[in-house]
There are 2 protein chains.
Amino acid sequence: MEIIKGFPSTSQDDYQLNMINIIKHGARNFGKQQIVTRKAGSMFRYTYKDAYARIKRLANALYGLGVKIGDRVGVLEWNTYRYYEMDFGIPGSGAVLLQMNLRLSPPELSFVVNHAGASFIFVDETLIPIAEAIAPLCKTVKGWVILTDKKLGDVKTKLSPVFSYEEILAAAKEDIEWPNLDEKSAYACCYTTGTTGNPKGVYYSHRDVYLHSATIALNAELSYRDCFFQIVPMFHAMGWGTPQAATMAGSKLLLPGRYTADDLGPLVEVMVSEKVTVGDGAPAIFMPMLEYIRKMDVKPSFKGARLISGATEPPVALMKGLYDMTGAEIIHAYGATETTPLVTINRLKPWLDEIYSEEQKWDIKRKQGYAVVGLDVKIADPDGKELPWDGKSSGEILIRGPWITASYYDAPGTETQFTADGYWKSGDAGTIDEEGYIKITDRVKDLIKSGGEWISSVDMENELVSHPAVLEAAVTGVSHPKWEERPIALVVIRAEQKGKVSKEDILAHLSSKKFAKWQLPEAVLFVDAILRTSVGKIDKKVIREQYKDIYMGSK
Amino acid sequence: MEIIKGFPSTSQDDYQLNMINIIKHGARNFGKQQIVTRKAGSMFRYTYKDAYARIKRLANALYGLGVKIGDRVGVLEWNTYRYYEMDFGIPGSGAVLLQMNLRLSPPELSFVVNHAGASFIFVDETLIPIAEAIAPLCKTVKGWVILTDKKLGDVKTKLSPVFSYEEILAAAKEDIEWPNLDEKSAYACCYTTGTTGNPKGVYYSHRDVYLHSATIALNAELSYRDCFFQIVPMFHAMGWGTPQAATMAGSKLLLPGRYTADDLGPLVEVMVSEKVTVGDGAPAIFMPMLEYIRKMDVKPSFKGARLISGATEPPVALMKGLYDMTGAEIIHAYGATETTPLVTINRLKPWLDEIYSEEQKWDIKRKQGYAVVGLDVKIADPDGKELPWDGKSSGEILIRGPWITASYYDAPGTETQFTADGYWKSGDAGTIDEEGYIKITDRVKDLIKSGGEWISSVDMENELVSHPAVLEAAVTGVSHPKWEERPIALVVIRAEQKGKVSKEDILAHLSSKKFAKWQLPEAVLFVDAILRTSVGKIDKKVIREQYKDIYMGSK
């Protein structure tokens, strides 16, 4: 889009939005505010001022290692104060923090390191096995910095050359003149792993993260009176940018250290002892936390606490259970690696609060929420035509704004993920209602494009399995000479019902629900089993291939 | 300062921060939120959605009048929904909103209009006399748009040509494609009137106001649950940018319309009826409001409300009185036309809240507060050397950041108001303590520079009049061959004490208080009266001139 120049301003428009200013502000005005990290058997406690002193040393230490402005530096670490220091020290020095997802396989993780061309990798002692597994595959890495309280000599590793984080910090001077970085320089990068192809790199600018932090702080209503609990892994889209946002607001920060989803009791305990008022996580974490709380004799009070929940739609049972038992509110938000990630947040507008029943209120909280200020969001049909905000028209969610990626780094062929007018195509399909609340119903690739309209395969599968005789079902689109695509349904009938259910019964069931006649599949195939991938998902790729000719010759 | 490029990002860094997106967001997500304006005898009530529809019409109407991108358009209006519409519609169209201070004299106001080169002026019907007074002096104005509910034919004016705001809006179409403005384009301009020279123009960019709005929203903790009362005139530094910030947060907005400082009862009444939770103003307004409340039989409850107070230090009696009587908290903030204006805000940090006595808490609330996130603030001595944050060292407050002006528009000679490294010299002198709280003590021009150190003339005057025999006093610096400047004190002794007080008594009084020996004036002159200006201020300019040779020949 052409940018039109108006009358010149007299403002300091060349003052760069640089993330180092956020922690400088924290150290200056909230110097005594605490950053608390859960460690094995103890709590590590220091202040913003302490953190900033170490951040300055870290930047000087990076220069000492030979790291230059623009270099990429990888980090393999849990949610700790050291990650926090690297979140500011690495980008502050002018380098780019490469977030390494410790759940990736060695081939994927080494692909990420090589693609980013990381020169150094900072790795927690407990994650050395992961680093050792990828080390032989990493072509650009000049050294490994171990995050540990031990002396370097006491750490066993085949990595080489190795340095100690604590030792290089201790040896570095604290005094620093920060580089005046162009705000469009990369601050950090995160690789997104789709189901196909190589991981794709999103390189967030300082400007991006700065504006995003302010938006998080505004929408999560963060203040210096809050204690923010960073449950979301800091290696994933910068922990949703909440450590940065909390710093902007001067909040106390609580970092859980290493934790596993099957032992979340300790997280509940620190929430109580540190007086958490706001945090972020996902239903996969909040659900077991709720189960833990359910078994506690004395229920903790988190009255007024806001827990921002992403990843997937939070079940009402979770939201209501947590609220009834502790007073904490789950607030659903939506985004992706490509969106820094905040796109929508779900807050109940006062005029809806007035007219909605309790049930309606819980129900609306399952929606993804409305787009935060600063972004353009719309839904479009398969031809790219914008669809109305009526809560019914379903289309692909398209997003544009200062913290949305404009491309994937060095990834030819991915240009199709963006529209000509600069929107990122999320791949999510959904509706937007009159109030702006977005409801995501599907991944676009799970939608069937029929005559310029969409049919949701996930919806149809859900309806099929709601038929009492149906055990399993899979719906996918296959090529059609006239309609581009048409659905086919594979149905597994329960053993005791076999032979008693006809195609017409199945179609009648679908049309008695929400499916129109034109949406019904011409082909309903009774099969013995549904093909699934190794992780248990329906293998639609193979099913599509298998039945690709079924509508050939149809009109 | 040189800007250093790091590694390229993939973010949408070319997405422009454009203020029109703020009201688009308001209309989209908070479409049913109310904007309420107090009118003579009634309340005018509509929604963000309604406002945005009219804002679109306004932009089209401007194009219809021949207004082009980059044109300056003047506004002479009270705090009303129409001002709100112009706040977005004029800059959204690509033009610049010229804020016209209706308290300026016709020569000053016409200077402003001519300097800005405004092509149209929008004027409220009640302010036509001001417009008529300046019209013959305005060289660039092509037309006057009257803000009125009446038919144009029923409005009596000599202005020509005239248009009706309502009529041009009604005739314009609503559909618009907003220009994709460079964020560095001017959004609005405001002229600052010093005691000497012509008014100086500050032209705020869209980027400036956008970032400032987010910062206000964060620091005033605005949310969609708030009702914001815009008491500060919208013609003064954009009403402190709070209408824009409230829109960003989706708050309800209450606009007081026309009001006068001698009849503030109606403002208290609407605060109650509209359930105000946050607002902004100055002690000059809050004091009479408190007096009104004092006389009310039933005190209103503003429990939890935050009233942001600027302009001057709020007296403890005001803060405490209002809090005790209504529960509202006065929050002091500091800034200037050149700073958009937010520089500091005074919130009590939790760790001070824990240790301070009630008295200390009230006392600290009189300070200007700490610098908000995003700005660089420091104090410097007369040679520009940065001074420590010890709560004692006093220097000029220097400010730098995205919403600070980098220059005055077309004002040769004003370059001296800026440092080489890009700070704006505020002209205010003060201290910063270890916690970052700024305390302003003086205007720099009222300080005396003696041997590289500062002596506060205001402090010394206050000490002099605390002597029981002293009726009036004036202190100023005059040239000194060795020390650059030295203070002289003019003292008026009470009639009954005349002849009974010596220079030595006066100096002893000063040194028994907080003044060091080197700060004491060599010349203490007993005079019959202190020369004052027409508005009652000590006329230091003339006094300095009168005694300029007093230290000639001294060593």
# chains A, B, ... in the order shown; residues from 1 in each chain; ligands from 1

call {"tool": "interface_residues", "arguments": {"of": "chain B", "to": "chain A", "cutoff": "6 Å", "atoms": "only C-alpha atoms", "output": "compact mmCIF listing (two decimals) with N, CA and C atoms, in the first residue's frame"}}
result
# COMPACT_ATOMS: atom_id res chain seq x y z
N ILE B 3 21.49 5.83 13.83
CA ILE B 3 20.62 4.67 14.00
C ILE B 3 21.30 3.47 13.36
N ILE B 4 21.43 2.39 14.16
CA ILE B 4 22.18 1.22 13.70
C ILE B 4 21.22 0.12 13.29
N LYS B 5 21.42 -0.38 12.09
CA LYS B 5 20.54 -1.44 11.59
C LYS B 5 21.02 -2.79 12.08
N GLY B 6 20.12 -3.58 12.63
CA GLY B 6 20.44 -4.94 13.02
C GLY B 6 20.02 -5.91 11.93
N PHE B 7 19.67 -7.13 12.33
CA PHE B 7 19.22 -8.15 11.39
C PHE B 7 17.80 -7.78 10.95
N PRO B 8 17.47 -7.99 9.68
CA PRO B 8 16.11 -7.60 9.25
C PRO B 8 15.01 -8.43 9.91
N SER B 9 13.91 -7.79 10.22
CA SER B 9 12.77 -8.52 10.79
C SER B 9 11.85 -8.95 9.66
N THR B 10 10.87 -9.80 10.01
CA THR B 10 9.83 -10.13 9.03
C THR B 10 8.52 -9.43 9.38
N SER B 11 8.53 -8.57 10.42
CA SER B 11 7.29 -7.93 10.88
C SER B 11 6.76 -6.90 9.88
N GLN B 12 5.50 -6.58 10.04
CA GLN B 12 4.88 -5.54 9.19
C GLN B 12 5.29 -4.16 9.70
N ASP B 13 6.58 -3.89 9.59
CA ASP B 13 7.10 -2.64 10.14
C ASP B 13 6.67 -1.41 9.34
N TYR B 15 3.54 -0.96 8.48
CA TYR B 15 2.16 -0.66 8.87
C TYR B 15 2.21 0.63 9.69
N HIS B 25 -11.37 1.13 15.74
CA HIS B 25 -11.40 0.09 16.80
C HIS B 25 -12.56 0.36 17.75
N ASN B 29 -15.38 -2.46 18.09
CA ASN B 29 -15.46 -3.32 19.27
C ASN B 29 -16.26 -2.71 20.42
N ILE B 69 -4.82 16.90 1.73
CA ILE B 69 -3.89 16.27 2.67
C ILE B 69 -2.76 17.26 2.99
N GLY B 70 -2.51 17.45 4.27
CA GLY B 70 -1.47 18.38 4.69
C GLY B 70 -1.99 19.76 5.06
N ASN B 180 -3.73 6.17 3.56
CA ASN B 180 -2.73 5.45 4.35
C ASN B 180 -1.58 6.41 4.66
N LEU B 181 -1.80 7.23 5.70
CA LEU B 181 -0.87 8.31 6.01
C LEU B 181 0.43 7.80 6.63
N ASP B 182 1.52 8.37 6.21
CA ASP B 182 2.81 8.21 6.88
C ASP B 182 2.63 8.59 8.35
N SER B 185 3.43 12.01 9.72
CA SER B 185 2.66 13.19 9.32
C SER B 185 2.03 13.82 10.56
N ALA B 186 1.86 15.13 10.50
CA ALA B 186 1.25 15.84 11.63
C ALA B 186 -0.22 15.45 11.77
N TYR B 203 3.89 20.49 16.40
CA TYR B 203 3.09 19.70 15.46
C TYR B 203 3.26 18.22 15.79
N TYR B 204 2.24 17.65 16.42
CA TYR B 204 2.28 16.26 16.87
C TYR B 204 2.05 15.31 15.70
N SER B 205 2.88 14.31 15.56
CA SER B 205 2.66 13.32 14.50
C SER B 205 1.61 12.29 14.94
N LEU B 218 -2.28 3.03 29.63
CA LEU B 218 -1.57 2.12 30.53
C LEU B 218 -1.40 2.74 31.91
N VAL B 373 6.87 5.00 31.02
CA VAL B 373 7.67 4.13 30.15
C VAL B 373 7.69 4.69 28.72
N PRO B 402 9.43 9.53 21.98
CA PRO B 402 8.64 9.60 20.74
C PRO B 402 7.54 10.65 20.76
N ILE B 404 7.84 13.66 22.39
CA ILE B 404 8.42 14.94 22.79
C ILE B 404 8.77 15.69 21.50
N THR B 405 8.57 17.00 21.50
CA THR B 405 8.85 17.73 20.27
C THR B 405 10.36 17.82 20.04
N ALA B 406 10.74 17.78 18.77
CA ALA B 406 12.15 17.85 18.39
C ALA B 406 12.52 19.27 17.97
N SER B 407 11.50 20.11 17.78
CA SER B 407 11.72 21.49 17.35
C SER B 407 10.41 22.25 17.48
N GLU B 435 13.94 6.79 43.81
CA GLU B 435 12.82 6.02 43.27
C GLU B 435 12.35 6.56 41.91
N GLY B 436 12.97 7.67 41.47
CA GLY B 436 12.59 8.24 40.19
C GLY B 436 11.53 9.33 40.27

call {"tool": "select_by_dssp", "arguments": {"residues": "range 196-369 of chain B", "states": "helix (DSSP H, G or I)", "output": "PyMOL selection string"}}
result
chain B and resi 206-219+237-249+265-273+283-294+316-326+337-339+350-355+358-364

call {"tool": "residues_around", "arguments": {"residues": "Lys385 in chain A", "least_positions_apart": "2", "cutoff": "12 Å", "atoms": "only C-alpha atoms", "output": "list in words"}}
result
Lys378, Ile379, Ala380, Asp381, Pro382, Asp383, Leu387, Pro388, Ser393, Ser394, Gly395, Glu396, Ile397, Leu398, Thr419, Gly452 and Glu453 of chain A

call {"tool": "write_last_selection", "arguments": {"atoms": "N, CA and C atoms", "output": "tab-separated table (two decimals), in the first residue's frame"}}
result
chain	number	residue	atom	x	y	z
A	378	LYS	N	-10.22	-9.41	9.46
A	378	LYS	CA	-11.44	-9.65	8.69
A	378	LYS	C	-11.56	-11.12	8.35
A	379	ILE	N	-12.73	-11.51	7.87
A	379	ILE	CA	-12.90	-12.88	7.36
A	379	ILE	C	-13.21	-12.77	5.88
A	380	ALA	N	-12.69	-13.75	5.13
A	380	ALA	CA	-12.86	-13.71	3.68
A	380	ALA	C	-13.23	-15.09	3.16
A	381	ASP	N	-13.99	-15.09	2.07
A	381	ASP	CA	-14.36	-16.36	1.45
A	381	ASP	C	-13.17	-16.87	0.62
A	382	PRO	N	-13.32	-18.08	0.03
A	382	PRO	CA	-12.16	-18.65	-0.68
A	382	PRO	C	-11.63	-17.75	-1.81
A	383	ASP	N	-12.47	-16.85	-2.32
A	383	ASP	CA	-12.00	-15.95	-3.38
A	383	ASP	C	-11.41	-14.66	-2.82
A	387	LEU	N	-16.25	-10.96	4.19
A	387	LEU	CA	-17.58	-11.42	4.59
A	387	LEU	C	-18.11	-10.57	5.74
A	388	PRO	N	-19.45	-10.50	5.87
A	388	PRO	CA	-20.02	-9.64	6.91
A	388	PRO	C	-19.81	-10.19	8.32
A	393	SER	N	-21.68	-15.90	8.72
A	393	SER	CA	-20.80	-16.09	7.58
A	393	SER	C	-19.43	-16.56	8.05
A	394	SER	N	-18.97	-17.63	7.48
A	394	SER	CA	-17.71	-18.20	7.92
A	394	SER	C	-16.66	-18.05	6.83
A	395	GLY	N	-15.48	-17.60	7.21
A	395	GLY	CA	-14.41	-17.43	6.25
A	395	GLY	C	-13.07	-17.53	6.93
A	396	GLU	N	-12.02	-17.38	6.14
A	396	GLU	CA	-10.68	-17.46	6.72
A	396	GLU	C	-10.36	-16.15	7.44
A	397	ILE	N	-9.76	-16.26	8.62
A	397	ILE	CA	-9.37	-15.08	9.40
A	397	ILE	C	-8.11	-14.49	8.79
A	398	LEU	N	-8.18	-13.24	8.41
A	398	LEU	CA	-7.03	-12.53	7.85
A	398	LEU	C	-6.64	-11.42	8.82
A	419	THR	N	-1.93	-11.88	1.65
A	419	THR	CA	-2.76	-11.30	0.59
A	419	THR	C	-2.03	-10.12	-0.04
A	452	GLY	N	-17.62	-22.08	-4.32
A	452	GLY	CA	-17.36	-20.77	-3.72
A	452	GLY	C	-17.87	-20.65	-2.30
A	453	GLU	N	-18.43	-21.74	-1.77
A	453	GLU	CA	-18.90	-21.74	-0.38
A	453	GLU	C	-18.11	-22.76	0.41

call {"tool": "closest_residue", "arguments": {"among": "B:His332, B:Arg494, B:Lys49, B:His212", "to": "Asp528 in chain B", "atoms": "only C-alpha atoms"}}
result
B:Arg494

call {"tool": "residues_around", "arguments": {"residues": "range 538-548 of chain B", "least_positions_apart": "3", "cutoff": "10 Å", "atoms": "only C-alpha atoms", "output": "number ranges by chain"}}
result
B: 445-446, 473-480, 488, 490, 530-535, 551-552
